[in-house]
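To start, the structure itself, in structure tokens.
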Amino acid sequence: MVKLYVITGSHACRTAMLALEHKAIPYEIVTLPTGLHPLAARALGFPGNRVPIRSVEGRTHAGLAVMDRMGTVPALRYGDQRIQTNREIIAFLERLQPDPPLFPSDPQRRQAVEEAARWGDETLQMAARRTVMSAAGLSLDALYQRGARGRLGALLARSAPARLALNAFASRTAFKADPGRSAELLAELPALLDRVDGWLADGTLGGEAPNAADLVIAPSLALLDYRLDLREELRSRPSYALLERFLPEPV
Ligand SMILES: N[C@@H](CCC(=O)N[C@@H](CS)C(=O)NCC(=O)O)C(=O)O
């Protein structure tokens with residue numbers, strides 16, 4: 001039986017969930033307390049990352065590197081095997097159950113999907129996190145349903161005070177996403193969304209069979225969609241179809 005350790009509302013964790021669902025592998029979700037989750041994952045025997053895996057503004061700074069070393073979720077346990085990071089989890093699931101695949105068999109198309117998945121993981125995932133955090137730092141009113149529910153569920157925490165406090169702490173420390181950076185982050189967004197739209201147009205994303213890049217990128221779009229002032233822009237783009245396909249808004 002697969003156990004997947006997550007935190008509530010995590011776009012990163014949703015990628016692993018979508019991958020497990022794509023493979024039709026039954027799994028149990030264990031929701032760790034946000035903020036304590038790296039410690040909890042350590043206590044559960046996950047090793048953390050020996051080298052930094054995330055960067056902000058093109059570089060890994062000390063605070064983020066420490067958090068990466070502690071370890072991130074999603075974290076997957078299968079028997080005595082423990083796997084962290086989506087990239088590793090996706091590779092593991094491909095080995096565990098090759099069918100249905102998460103990558104196209106044609107080598108050129110596979111390369112394109114790998115590149116889009118890597119960009120989604122390294123660039124878009126952090127950009128979406130920072131863009132939404134910077135808005136929530138001013139007020140939860142900037143978020144759909146104040147971040148209490150939506151495509152990814154409750155962001156960071158179920159209680160609003162905890163959500164505010166976690167957002168304030170994380171946005172001002174590791175993620176450098178205080179409200180003062182909101183305009184700068186917003187200015188970077190159209191180029192990121194153009195890239196997703198381009199991959200949809202050339203068939204790297206959004207094909208008949210879901211692939212790893214679809215499952216990495218769609219949750220980041222879902223997180224962006226919590227930010228109310230982005231909803232019109234998102235809905236005007238081809239990438240919105242990807243979002244609706246993989247993460248429809250719960251009724
Ligand atoms: N790119 C990695 C990173 C995942 C990631 O950043 N996870 C966050 C939750 S959304 C986390 O565990 N953060 C812990 C921390 O920052 O201390 C992946 O997709 O697996």
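Chain lettering (A, B, ...) mirrors the order of the structure tokens, residue numbering begins at 1 for each chain separately, and ligand numbering begins at 1 in order of display.
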
- Task: Please provide the set of residues having any atom within 7 Å of segment 126-138 of chain A, restricted to only C-alpha atoms, with same-chain residues fewer than 4 positions apart removed, written as a PyMOL selection string.
- Result: chain A and resi 122+142-143+167-168+171+175+177-179+181-182+185-186+220+223-224+227

Hey, can you spit out that residue selection with N, CA, C and O atoms as a PDB file, in the first residue's frame?
```pdb
ATOM      1  N   GLU A 122      10.722  23.329 -11.423  1.00  0.00           N
ATOM      2  CA  GLU A 122      11.766  24.252 -10.924  1.00  0.00           C
ATOM      3  C   GLU A 122      11.343  25.718 -10.986  1.00  0.00           C
ATOM      4  O   GLU A 122      11.748  26.507 -10.143  1.00  0.00           O
ATOM      5  N   ALA A 142      -7.734  38.641  -0.620  1.00  0.00           N
ATOM      6  CA  ALA A 142      -7.209  38.600  -1.990  1.00  0.00           C
ATOM      7  C   ALA A 142      -7.412  37.221  -2.624  1.00  0.00           C
ATOM      8  O   ALA A 142      -7.212  37.052  -3.827  1.00  0.00           O
ATOM      9  N   LEU A 143      -7.788  36.243  -1.794  1.00  0.00           N
ATOM     10  CA  LEU A 143      -7.889  34.858  -2.279  1.00  0.00           C
ATOM     11  C   LEU A 143      -9.335  34.390  -2.423  1.00  0.00           C
ATOM     12  O   LEU A 143     -10.193  34.782  -1.609  1.00  0.00           O
ATOM     13  N   ASN A 167       1.433  31.891   6.191  1.00  0.00           N
ATOM     14  CA  ASN A 167       1.754  32.634   4.974  1.00  0.00           C
ATOM     15  C   ASN A 167       2.725  33.781   5.288  1.00  0.00           C
ATOM     16  O   ASN A 167       3.701  33.999   4.578  1.00  0.00           O
ATOM     17  N   ALA A 168       2.433  34.492   6.384  1.00  0.00           N
ATOM     18  CA  ALA A 168       3.277  35.638   6.745  1.00  0.00           C
ATOM     19  C   ALA A 168       4.704  35.159   7.005  1.00  0.00           C
ATOM     20  O   ALA A 168       5.679  35.761   6.521  1.00  0.00           O
ATOM     21  N   SER A 171       6.345  33.618   3.680  1.00  0.00           N
ATOM     22  CA  SER A 171       6.540  34.581   2.586  1.00  0.00           C
ATOM     23  C   SER A 171       7.651  35.577   2.906  1.00  0.00           C
ATOM     24  O   SER A 171       8.297  36.097   2.019  1.00  0.00           O
ATOM     25  N   PHE A 175      10.716  32.199   1.149  1.00  0.00           N
ATOM     26  CA  PHE A 175      10.224  32.347  -0.222  1.00  0.00           C
ATOM     27  C   PHE A 175      10.311  33.768  -0.774  1.00  0.00           C
ATOM     28  O   PHE A 175       9.999  34.001  -1.935  1.00  0.00           O
ATOM     29  N   ALA A 177       8.546  36.463  -0.591  1.00  0.00           N
ATOM     30  CA  ALA A 177       7.293  36.774  -1.302  1.00  0.00           C
ATOM     31  C   ALA A 177       6.422  37.702  -0.473  1.00  0.00           C
ATOM     32  O   ALA A 177       5.207  37.535  -0.403  1.00  0.00           O
ATOM     33  N   ASP A 178       7.044  38.659   0.179  1.00  0.00           N
ATOM     34  CA  ASP A 178       6.277  39.625   0.952  1.00  0.00           C
ATOM     35  C   ASP A 178       5.444  40.479  -0.013  1.00  0.00           C
ATOM     36  O   ASP A 178       5.739  40.545  -1.217  1.00  0.00           O
ATOM     37  N   PRO A 179       4.394  41.141   0.500  1.00  0.00           N
ATOM     38  CA  PRO A 179       3.503  41.897  -0.400  1.00  0.00           C
ATOM     39  C   PRO A 179       4.238  42.917  -1.257  1.00  0.00           C
ATOM     40  O   PRO A 179       3.806  43.214  -2.374  1.00  0.00           O
ATOM     41  N   ARG A 181       6.658  42.535  -3.002  1.00  0.00           N
ATOM     42  CA  ARG A 181       7.157  41.927  -4.247  1.00  0.00           C
ATOM     43  C   ARG A 181       6.032  41.513  -5.185  1.00  0.00           C
ATOM     44  O   ARG A 181       6.274  40.939  -6.250  1.00  0.00           O
ATOM     45  N   SER A 182       4.805  41.788  -4.797  1.00  0.00           N
ATOM     46  CA  SER A 182       3.668  41.304  -5.578  1.00  0.00           C
ATOM     47  C   SER A 182       3.695  41.842  -7.010  1.00  0.00           C
ATOM     48  O   SER A 182       3.495  41.077  -7.973  1.00  0.00           O
ATOM     49  N   LEU A 185       6.286  40.119  -9.098  1.00  0.00           N
ATOM     50  CA  LEU A 185       5.899  38.743  -9.415  1.00  0.00           C
ATOM     51  C   LEU A 185       4.801  38.720 -10.471  1.00  0.00           C
ATOM     52  O   LEU A 185       4.817  37.894 -11.391  1.00  0.00           O
ATOM     53  N   LEU A 186       3.862  39.663 -10.364  1.00  0.00           N
ATOM     54  CA  LEU A 186       2.777  39.739 -11.355  1.00  0.00           C
ATOM     55  C   LEU A 186       3.325  40.042 -12.736  1.00  0.00           C
ATOM     56  O   LEU A 186       2.857  39.511 -13.745  1.00  0.00           O
ATOM     57  N   SER A 220      -0.017  24.066 -10.412  1.00  0.00           N
ATOM     58  CA  SER A 220       0.472  25.436 -10.212  1.00  0.00           C
ATOM     59  C   SER A 220      -0.522  26.451 -10.773  1.00  0.00           C
ATOM     60  O   SER A 220      -0.727  27.523 -10.207  1.00  0.00           O
ATOM     61  N   LEU A 223      -3.210  26.781  -8.242  1.00  0.00           N
ATOM     62  CA  LEU A 223      -2.857  27.655  -7.118  1.00  0.00           C
ATOM     63  C   LEU A 223      -3.010  29.125  -7.529  1.00  0.00           C
ATOM     64  O   LEU A 223      -3.583  29.930  -6.793  1.00  0.00           O
ATOM     65  N   LEU A 224      -2.540  29.454  -8.714  1.00  0.00           N
ATOM     66  CA  LEU A 224      -2.678  30.841  -9.190  1.00  0.00           C
ATOM     67  C   LEU A 224      -4.145  31.268  -9.222  1.00  0.00           C
ATOM     68  O   LEU A 224      -4.473  32.426  -8.976  1.00  0.00           O
ATOM     69  N   ARG A 227      -5.876  33.338  -6.572  1.00  0.00           N
ATOM     70  CA  ARG A 227      -5.674  34.779  -6.467  1.00  0.00           C
ATOM     71  C   ARG A 227      -6.737  35.468  -7.319  1.00  0.00           C
ATOM     72  O   ARG A 227      -6.712  35.393  -8.552  1.00  0.00           O
TER      73      ARG A 227
END
```

- Message: When you look at segment 116-118 of chain A with a cut-off of 9 Å (counting only C-alpha atoms), what residues show up, excluding the ones that are within fewer than 4 positions of it in the same chain? I need them as a list in words.
- Response: Arg87, Gln111, Ala112, Glu122, Thr123, Val196, Trp199, Thr204, Leu205, Asn211, Ala212, Ala213, Asp214, Leu215, Val216 and Ile217 of chain A

Output all heavy atoms of each residue in that selection to a file, as a short mmCIF file (atom, residue, chain, number, x, y, z; two decimals), in the first residue's frame.
```cif
data_model
loop_
_atom_site.label_atom_id
_atom_site.label_comp_id
_atom_site.auth_asym_id
_atom_site.auth_seq_id
_atom_site.Cartn_x
_atom_site.Cartn_y
_atom_site.Cartn_z
N ARG A 87 9.72 14.73 -8.79
CA ARG A 87 10.52 14.17 -9.88
C ARG A 87 10.88 12.71 -9.57
O ARG A 87 10.76 11.83 -10.41
CB ARG A 87 11.78 15.01 -10.06
CG ARG A 87 12.27 14.93 -11.48
CD ARG A 87 13.45 15.80 -11.66
NE ARG A 87 13.06 17.19 -11.80
CZ ARG A 87 13.94 18.17 -11.90
NH1 ARG A 87 15.23 17.93 -11.86
NH2 ARG A 87 13.53 19.40 -12.06
N GLN A 111 11.40 13.92 -24.70
CA GLN A 111 12.33 14.97 -24.28
C GLN A 111 11.59 16.29 -24.01
O GLN A 111 11.87 17.00 -23.04
CB GLN A 111 13.39 15.17 -25.36
CG GLN A 111 14.67 15.72 -24.80
CD GLN A 111 15.67 16.00 -25.93
OE1 GLN A 111 15.50 15.53 -27.06
NE2 GLN A 111 16.68 16.79 -25.63
N ALA A 112 10.64 16.59 -24.89
CA ALA A 112 9.86 17.82 -24.71
C ALA A 112 9.04 17.77 -23.42
O ALA A 112 8.97 18.76 -22.68
CB ALA A 112 8.94 18.03 -25.92
N GLU A 122 10.72 23.33 -11.42
CA GLU A 122 11.77 24.25 -10.92
C GLU A 122 11.34 25.72 -10.99
O GLU A 122 11.75 26.51 -10.14
CB GLU A 122 13.05 24.08 -11.74
CG GLU A 122 13.73 22.74 -11.47
CD GLU A 122 14.95 22.53 -12.34
OE1 GLU A 122 15.22 23.36 -13.24
OE2 GLU A 122 15.64 21.51 -12.12
N THR A 123 10.56 26.07 -11.98
CA THR A 123 10.26 27.49 -12.19
C THR A 123 8.81 27.83 -11.83
O THR A 123 8.55 28.68 -10.98
CB THR A 123 10.55 27.88 -13.65
OG1 THR A 123 11.93 27.58 -13.91
CG2 THR A 123 10.31 29.36 -13.91
N VAL A 196 3.36 28.08 -21.08
CA VAL A 196 2.40 26.97 -20.94
C VAL A 196 1.50 26.93 -22.19
O VAL A 196 1.27 25.86 -22.78
CB VAL A 196 1.56 27.11 -19.65
CG1 VAL A 196 0.53 25.99 -19.55
CG2 VAL A 196 2.47 27.12 -18.42
N TRP A 199 3.28 25.35 -25.10
CA TRP A 199 3.36 23.89 -25.02
C TRP A 199 2.02 23.23 -25.29
O TRP A 199 1.96 22.11 -25.80
CB TRP A 199 3.90 23.47 -23.65
CG TRP A 199 5.40 23.51 -23.56
CD1 TRP A 199 6.29 23.17 -24.55
CD2 TRP A 199 6.20 23.91 -22.44
NE1 TRP A 199 7.58 23.34 -24.09
CE2 TRP A 199 7.55 23.78 -22.81
CE3 TRP A 199 5.89 24.36 -21.15
CZ2 TRP A 199 8.60 24.08 -21.94
CZ3 TRP A 199 6.93 24.65 -20.29
CH2 TRP A 199 8.27 24.51 -20.68
N THR A 204 2.84 19.43 -26.53
CA THR A 204 3.64 18.88 -25.43
C THR A 204 2.74 18.67 -24.21
O THR A 204 2.88 17.71 -23.46
CB THR A 204 4.81 19.84 -25.08
OG1 THR A 204 5.59 20.02 -26.26
CG2 THR A 204 5.66 19.32 -23.96
N LEU A 205 1.82 19.62 -24.02
CA LEU A 205 0.84 19.52 -22.93
C LEU A 205 -0.55 19.31 -23.54
O LEU A 205 -0.80 19.68 -24.69
CB LEU A 205 0.80 20.82 -22.13
CG LEU A 205 2.06 21.25 -21.39
CD1 LEU A 205 1.86 22.63 -20.78
CD2 LEU A 205 2.44 20.25 -20.32
N ASN A 211 0.32 13.45 -19.42
CA ASN A 211 1.73 13.13 -19.20
C ASN A 211 2.25 13.85 -17.95
O ASN A 211 1.54 14.63 -17.34
CB ASN A 211 2.57 13.47 -20.45
CG ASN A 211 2.59 14.95 -20.75
OD1 ASN A 211 2.77 15.77 -19.85
ND2 ASN A 211 2.38 15.31 -22.02
N ALA A 212 3.51 13.55 -17.61
CA ALA A 212 4.08 14.08 -16.37
C ALA A 212 4.04 15.61 -16.35
O ALA A 212 3.77 16.22 -15.30
CB ALA A 212 5.51 13.58 -16.21
N ALA A 213 4.29 16.23 -17.47
CA ALA A 213 4.31 17.70 -17.50
C ALA A 213 2.92 18.28 -17.23
O ALA A 213 2.78 19.27 -16.50
CB ALA A 213 4.85 18.19 -18.84
N ASP A 214 1.88 17.65 -17.79
CA ASP A 214 0.51 18.10 -17.48
C ASP A 214 0.30 18.09 -15.97
O ASP A 214 -0.28 19.02 -15.40
CB ASP A 214 -0.53 17.13 -18.08
CG ASP A 214 -0.59 17.16 -19.59
OD1 ASP A 214 -0.55 18.26 -20.16
OD2 ASP A 214 -0.72 16.07 -20.20
N LEU A 215 0.74 17.00 -15.35
CA LEU A 215 0.44 16.80 -13.93
C LEU A 215 1.31 17.67 -13.02
O LEU A 215 0.97 17.93 -11.88
CB LEU A 215 0.59 15.31 -13.55
CG LEU A 215 -0.21 14.33 -14.43
CD1 LEU A 215 -0.17 12.93 -13.84
CD2 LEU A 215 -1.66 14.77 -14.62
N VAL A 216 2.46 18.11 -13.53
CA VAL A 216 3.29 19.04 -12.76
C VAL A 216 2.74 20.46 -12.91
O VAL A 216 2.68 21.22 -11.94
CB VAL A 216 4.77 18.99 -13.23
CG1 VAL A 216 5.58 20.10 -12.58
CG2 VAL A 216 5.39 17.63 -12.88
N ILE A 217 2.32 20.82 -14.10
CA ILE A 217 1.97 22.21 -14.38
C ILE A 217 0.54 22.57 -13.93
O ILE A 217 0.31 23.65 -13.36
CB ILE A 217 2.20 22.50 -15.89
CG1 ILE A 217 3.73 22.57 -16.12
CG2 ILE A 217 1.51 23.79 -16.34
CD1 ILE A 217 4.16 22.67 -17.55
#
```

- Message: At a cut-off of 8 Å and counting only C-alpha atoms and all ligand atoms, what residues surround ligand 1? Please answer as a PyMOL selection string.
- Response: chain A and resi 6-7+9-13+15+35+37-38+53-54+64+67-68+70-75+84-88+121-122+125-126+129+170+174+216

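Our summary of the geometry notes that atom CA of Lys3 of chain A is positioned 5.1 Å from atom CA of Arg77 of chain A.
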
- Message: Please report the interatomic distance between atom CA of Asn49 of chain A and atom CA of Phe103 of chain A in Å with one decimal.
- Response: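 According to the coordinates, atom CA of Asn49 of chain A and atom CA of Phe103 of chain A are separated by 24.7 Å.
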
- Task: Determine which residues of segment 19-158 of chain A DSSP labels as alpha helix (DSSP H) from the backbone of this structure, then write them out as an MDAnalysis selection string.
- Result: chainID A and resid 19:22 37:43 62:70 86:96 107:119 125:136

- Message: Which residues are near Leu193 of chain A? Cut-off 9 Å, only C-alpha atoms, ignore same chain within fewer than 3 positions. Put them as an MDAnalysis selection string.
- Response: chainID A and resid 189:190 196:198 221 234 237 239

Can you spit out the residues from that selection as a compact mmCIF listing (two decimals), in the first residue's frame, using C-alpha atoms?
```txt
# COMPACT_ATOMS: atom_id res chain seq x y z
CA LEU A 189 3.52 35.94 -14.88
CA PRO A 190 2.46 36.58 -18.51
CA VAL A 196 2.40 26.97 -20.94
CA ASP A 197 0.16 28.15 -23.79
CA GLY A 198 2.98 27.45 -26.25
CA LEU A 221 -2.21 26.98 -12.43
CA LEU A 234 -6.25 32.85 -16.46
CA ARG A 237 -5.84 31.75 -21.87
CA SER A 239 -3.91 27.05 -20.35
```

- Task: Pick out each residue of segment 58-147 of chain A that DSSP on the backbone tags as strand (DSSP E or B); I need them as a ChimeraX atom specification.
- Result: /A:59,75-78,81-84,143

Just write the chosen residues, all heavy atoms, as a PDB file, in the first residue's frame.
```pdb
ATOM      1  N   ARG A  59      18.363  31.727  -7.453  1.00  0.00           N
ATOM      2  CA  ARG A  59      19.431  31.173  -6.630  1.00  0.00           C
ATOM      3  C   ARG A  59      18.866  30.532  -5.360  1.00  0.00           C
ATOM      4  O   ARG A  59      17.755  30.832  -4.933  1.00  0.00           O
ATOM      5  CB  ARG A  59      20.464  32.244  -6.275  1.00  0.00           C
ATOM      6  CG  ARG A  59      19.896  33.379  -5.500  1.00  0.00           C
ATOM      7  CD  ARG A  59      20.882  34.497  -5.315  1.00  0.00           C
ATOM      8  NE  ARG A  59      20.415  35.349  -4.246  1.00  0.00           N
ATOM      9  CZ  ARG A  59      20.738  35.208  -2.986  1.00  0.00           C
ATOM     10  NH1 ARG A  59      21.581  34.262  -2.599  1.00  0.00           N
ATOM     11  NH2 ARG A  59      20.248  36.005  -2.054  1.00  0.00           N
ATOM     12  N   ALA A  75       5.839  13.258  -0.038  1.00  0.00           N
ATOM     13  CA  ALA A  75       6.770  12.198   0.337  1.00  0.00           C
ATOM     14  C   ALA A  75       5.994  10.893   0.292  1.00  0.00           C
ATOM     15  O   ALA A  75       4.897  10.801   0.855  1.00  0.00           O
ATOM     16  CB  ALA A  75       7.306  12.470   1.736  1.00  0.00           C
ATOM     17  N   LEU A  76       6.533   9.931  -0.411  1.00  0.00           N
ATOM     18  CA  LEU A  76       5.778   8.697  -0.664  1.00  0.00           C
ATOM     19  C   LEU A  76       6.457   7.519   0.001  1.00  0.00           C
ATOM     20  O   LEU A  76       7.684   7.366  -0.067  1.00  0.00           O
ATOM     21  CB  LEU A  76       5.679   8.482  -2.182  1.00  0.00           C
ATOM     22  CG  LEU A  76       4.901   7.270  -2.677  1.00  0.00           C
ATOM     23  CD1 LEU A  76       4.204   7.614  -4.004  1.00  0.00           C
ATOM     24  CD2 LEU A  76       5.801   6.053  -2.893  1.00  0.00           C
ATOM     25  N   ARG A  77       5.649   6.708   0.654  1.00  0.00           N
ATOM     26  CA  ARG A  77       6.188   5.482   1.254  1.00  0.00           C
ATOM     27  C   ARG A  77       5.535   4.271   0.596  1.00  0.00           C
ATOM     28  O   ARG A  77       4.311   4.204   0.461  1.00  0.00           O
ATOM     29  CB  ARG A  77       5.900   5.486   2.747  1.00  0.00           C
ATOM     30  CG  ARG A  77       6.443   4.246   3.369  1.00  0.00           C
ATOM     31  CD  ARG A  77       6.551   4.320   4.847  1.00  0.00           C
ATOM     32  NE  ARG A  77       7.015   3.000   5.264  1.00  0.00           N
ATOM     33  CZ  ARG A  77       6.925   2.529   6.462  1.00  0.00           C
ATOM     34  NH1 ARG A  77       6.428   3.264   7.410  1.00  0.00           N
ATOM     35  NH2 ARG A  77       7.342   1.315   6.739  1.00  0.00           N
ATOM     36  N   TYR A  78       6.375   3.349   0.170  1.00  0.00           N
ATOM     37  CA  TYR A  78       5.882   2.103  -0.421  1.00  0.00           C
ATOM     38  C   TYR A  78       6.701   0.985   0.204  1.00  0.00           C
ATOM     39  O   TYR A  78       7.892   0.849  -0.080  1.00  0.00           O
ATOM     40  CB  TYR A  78       6.076   2.133  -1.942  1.00  0.00           C
ATOM     41  CG  TYR A  78       5.613   0.885  -2.643  1.00  0.00           C
ATOM     42  CD1 TYR A  78       4.254   0.593  -2.777  1.00  0.00           C
ATOM     43  CD2 TYR A  78       6.528  -0.015  -3.174  1.00  0.00           C
ATOM     44  CE1 TYR A  78       3.831  -0.552  -3.416  1.00  0.00           C
ATOM     45  CE2 TYR A  78       6.115  -1.166  -3.831  1.00  0.00           C
ATOM     46  CZ  TYR A  78       4.760  -1.428  -3.946  1.00  0.00           C
ATOM     47  OH  TYR A  78       4.348  -2.565  -4.583  1.00  0.00           O
ATOM     48  N   GLN A  81      10.350   1.523   1.163  1.00  0.00           N
ATOM     49  CA  GLN A  81      10.950   2.547   0.291  1.00  0.00           C
ATOM     50  C   GLN A  81      10.322   3.909   0.572  1.00  0.00           C
ATOM     51  O   GLN A  81       9.100   4.025   0.674  1.00  0.00           O
ATOM     52  CB  GLN A  81      10.744   2.171  -1.167  1.00  0.00           C
ATOM     53  CG  GLN A  81      11.344   0.813  -1.515  1.00  0.00           C
ATOM     54  CD  GLN A  81      11.262   0.561  -2.999  1.00  0.00           C
ATOM     55  OE1 GLN A  81      11.916   1.208  -3.797  1.00  0.00           O
ATOM     56  NE2 GLN A  81      10.426  -0.382  -3.377  1.00  0.00           N
ATOM     57  N   ARG A  82      11.161   4.923   0.683  1.00  0.00           N
ATOM     58  CA  ARG A  82      10.670   6.281   0.963  1.00  0.00           C
ATOM     59  C   ARG A  82      11.209   7.216  -0.114  1.00  0.00           C
ATOM     60  O   ARG A  82      12.424   7.294  -0.314  1.00  0.00           O
ATOM     61  CB  ARG A  82      11.138   6.737   2.338  1.00  0.00           C
ATOM     62  CG  ARG A  82      10.481   5.993   3.471  1.00  0.00           C
ATOM     63  CD  ARG A  82      11.055   6.443   4.793  1.00  0.00           C
ATOM     64  NE  ARG A  82      10.331   5.875   5.918  1.00  0.00           N
ATOM     65  CZ  ARG A  82      10.531   4.650   6.392  1.00  0.00           C
ATOM     66  NH1 ARG A  82      11.432   3.858   5.842  1.00  0.00           N
ATOM     67  NH2 ARG A  82       9.830   4.219   7.428  1.00  0.00           N
ATOM     68  N   ILE A  83      10.304   7.900  -0.761  1.00  0.00           N
ATOM     69  CA  ILE A  83      10.699   8.725  -1.913  1.00  0.00           C
ATOM     70  C   ILE A  83      10.166  10.142  -1.726  1.00  0.00           C
ATOM     71  O   ILE A  83       8.981  10.337  -1.454  1.00  0.00           O
ATOM     72  CB  ILE A  83      10.148   8.114  -3.223  1.00  0.00           C
ATOM     73  CG1 ILE A  83      10.726   6.697  -3.398  1.00  0.00           C
ATOM     74  CG2 ILE A  83      10.538   8.942  -4.439  1.00  0.00           C
ATOM     75  CD1 ILE A  83       9.723   5.638  -3.280  1.00  0.00           C
ATOM     76  N   GLN A  84      11.033  11.110  -1.910  1.00  0.00           N
ATOM     77  CA  GLN A  84      10.649  12.524  -1.804  1.00  0.00           C
ATOM     78  C   GLN A  84      10.913  13.237  -3.116  1.00  0.00           C
ATOM     79  O   GLN A  84      11.873  12.897  -3.820  1.00  0.00           O
ATOM     80  CB  GLN A  84      11.446  13.201  -0.686  1.00  0.00           C
ATOM     81  CG  GLN A  84      10.734  13.159   0.657  1.00  0.00           C
ATOM     82  CD  GLN A  84      11.608  13.599   1.806  1.00  0.00           C
ATOM     83  OE1 GLN A  84      12.697  13.062   1.995  1.00  0.00           O
ATOM     84  NE2 GLN A  84      11.139  14.559   2.572  1.00  0.00           N
ATOM     85  N   LEU A 143      -7.788  36.243  -1.794  1.00  0.00           N
ATOM     86  CA  LEU A 143      -7.889  34.858  -2.279  1.00  0.00           C
ATOM     87  C   LEU A 143      -9.335  34.390  -2.423  1.00  0.00           C
ATOM     88  O   LEU A 143     -10.193  34.782  -1.609  1.00  0.00           O
ATOM     89  CB  LEU A 143      -7.191  33.904  -1.306  1.00  0.00           C
ATOM     90  CG  LEU A 143      -5.728  34.166  -0.988  1.00  0.00           C
ATOM     91  CD1 LEU A 143      -5.205  33.080  -0.055  1.00  0.00           C
ATOM     92  CD2 LEU A 143      -4.888  34.220  -2.261  1.00  0.00           C
TER      93      LEU A 143
END
```
